[in-house]
Every structure is written in C-alpha cells, then in structure tokens.
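K.L.:
Before I ask anything, here is the structure I am working with.
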Amino acid sequence: MSLLFKEGKIENLKLKNRVVMPPMCMYKSDKSGELKTFHKGHYLARAIGGVGLIIVEATAIEPRGRISANDLGLWNDTQIEAHKKEFINSSYTRAFI
Ligand SMILES: Cc1cc2nc3c(=O)[nH]c(=O)nc-3n(C[C@H](O)[C@H](O)[C@H](O)COP(=O)(O)O)c2cc1C
C-alpha cells in the first residue's frame with residue numbers, strides 16, 4: 001500500500017493517513033467569524049471522505065487578523081466551543097488551525 005495511506009504522526013498526534021487538506025479560504029462566515037452550516041457540511045464531507053488532517057481554512061485568532069471579511073474566527077468562547085464540537089472530538093479526522 002502507498003505510504004500516503006499508512007498511519008502518520010506529527011509529534012504526539014496520530015493521523016489515520018497522510019492525506020492533508022491545505023488551508024483554503026471559503027469566505028462563508030460573516031462578521032461574527034462563526035462556523036456556519038456550510039462549514040459543517042464542507043469539512044465533514046472531507047473528513048468522511050478520508051482526509052487524515054484538515055487545516056481549517058484561514059481562521060483568525062482576532063478580528064483584525066482576518067484576510068477577508070468572511071473568514072472564520074477563533075477569538076471567543078462560542079467559536080472555540082463550536083470548533084471543538086466540529087473538529088477536535090471528531091473520530092473521522094484531525095484538525096489544525
Ligand atoms: C490561510 C491560507 C489560505 C489559503 N487559501 C487558499 C485558497 O483559497 N485557494 C488556494 O488555492 N490556496 C489557498 N492557500 C494556499 C494553499 O493552502 C496551498 O498552500 C497552495 O495551494 C499550494 O499548495 P502546494 O504547496 O501543495 O503546491 C491558502 C493558504 C493559507 C495559509
């Protein structure tokens with residue numbers, strides 16, 4: 001089997017394979033920076049499709065850090081909880097910001 005589909009590891013993080021989805025701006029949030037229904041479907045589809053690690057687009061840790069008005073944000077507890085729910089506990093894939 002190709003090495004691409006074998007388990008991978010980054011430090012202590014185990015990956016089910018070495019397929020990594022690079023960051024790509026989706027421009028589907030809004031001023032709030034919150035995850036929308038679009039993101040849930042978009043990333044879940046890739047996760048179920050088999051991607052071992054998803055880098056979650058251009059996600060900014062403060063509003064002024066965004067490179068477009070519709071990028072995701074990770075600067076308040078609501079956003080953090082949503083990301084945890086969608087990505088961190090996912091049994092399908094792993095996620096980086
Ligand atoms: C925050 C961020 C956002 C990005 N958004 C896009 C994007 O919307 N479209 C795109 O083609 N590449 C985007 N890129 C670049 C890709 O992630 C990737 O690095 C690029 O396509 C080159 O891939 P390669 O190194 O495998 O050739 C983004 C990169 C970063 C860091």
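Following the order of the structure tokens, chains are lettered A, B, ..., residues in each are numbered from 1, and ligands are numbered from 1.
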Please extract the residues at most 10 Å from ligand 1, counting only C-alpha atoms and all ligand atoms, and provide them as a PyMOL selection string, using the chain letters and residue numbers of this document.
P.N.:
chain A and resi 20-27+55-60+66-67+71+97
K.L.:
Give me, as a PyMOL selection string, the residues of chain A that a backbone DSSP run labels strand (DSSP E or B).
P.N.:
chain A and resi 8-10+13-15+20-21+53-55+60+73+94-96
K.L.:
Could you dump the residues just selected with C-alpha atoms as a compact mmCIF listing (two decimals), in the first residue's frame?
P.N.:
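As written to disk, result-v1.txt reads:
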```txt
# COMPACT_ATOMS: atom_id res chain seq x y z
CA GLY A 8 1.10 9.17 10.09
CA LYS A 9 2.35 11.03 13.13
CA ILE A 10 3.18 14.67 13.89
CA LEU A 13 -0.68 13.48 17.08
CA LYS A 14 -1.62 10.28 15.28
CA LEU A 15 -3.12 10.54 11.82
CA VAL A 20 -3.63 16.60 4.40
CA MET A 21 -6.14 19.19 3.24
CA LEU A 53 -5.68 16.06 8.66
CA ILE A 54 -7.62 19.19 7.80
CA ILE A 55 -6.11 22.65 8.09
CA ALA A 60 -8.07 34.16 12.62
CA GLY A 73 -12.66 33.41 13.70
CA ARG A 94 -7.76 15.65 12.94
CA ALA A 95 -7.66 19.41 12.52
CA PHE A 96 -5.07 22.17 12.63
```
K.L.:
Counting only C-alpha atoms, what is within 12 Å of A:Asp77, bar same-chain residues fewer than 4 positions away, as a list in words?
P.N.:
Gly33, Glu34, Ile61, Gly73, Glu81, Ala82, His83 and Lys84 of chain A
K.L.:
Compare A:Asn70, A:Asp30, A:Val51, A:Ala45 by their minimum atom-to-atom distance to A:Phe5, counting only C-alpha atoms, and give me the closest one.
P.N.:
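Smallest distance to A:Phe5 is found for A:Val51.
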K.L.:
Quick check, in Å to one decimal: how far apart do atom CA of A:Leu44 and atom CA of A:Gly65 lie?
P.N.:
25.5 Å
K.L.:
If you run DSSP on the backbone, which residues of stretch 16-75 of chain A are helix (DSSP H, G or I), as a PyMOL selection string?
P.N.:
chain A and resi 37-49+63-65
K.L.:
Which neighbours of A:Ser2 fall inside 12 Å, counting only C-alpha atoms, when residues of the same chain fewer than 6 positions from it are skipped, and could you give them as a ChimeraX atom specification?
P.N.:
/A:17-19
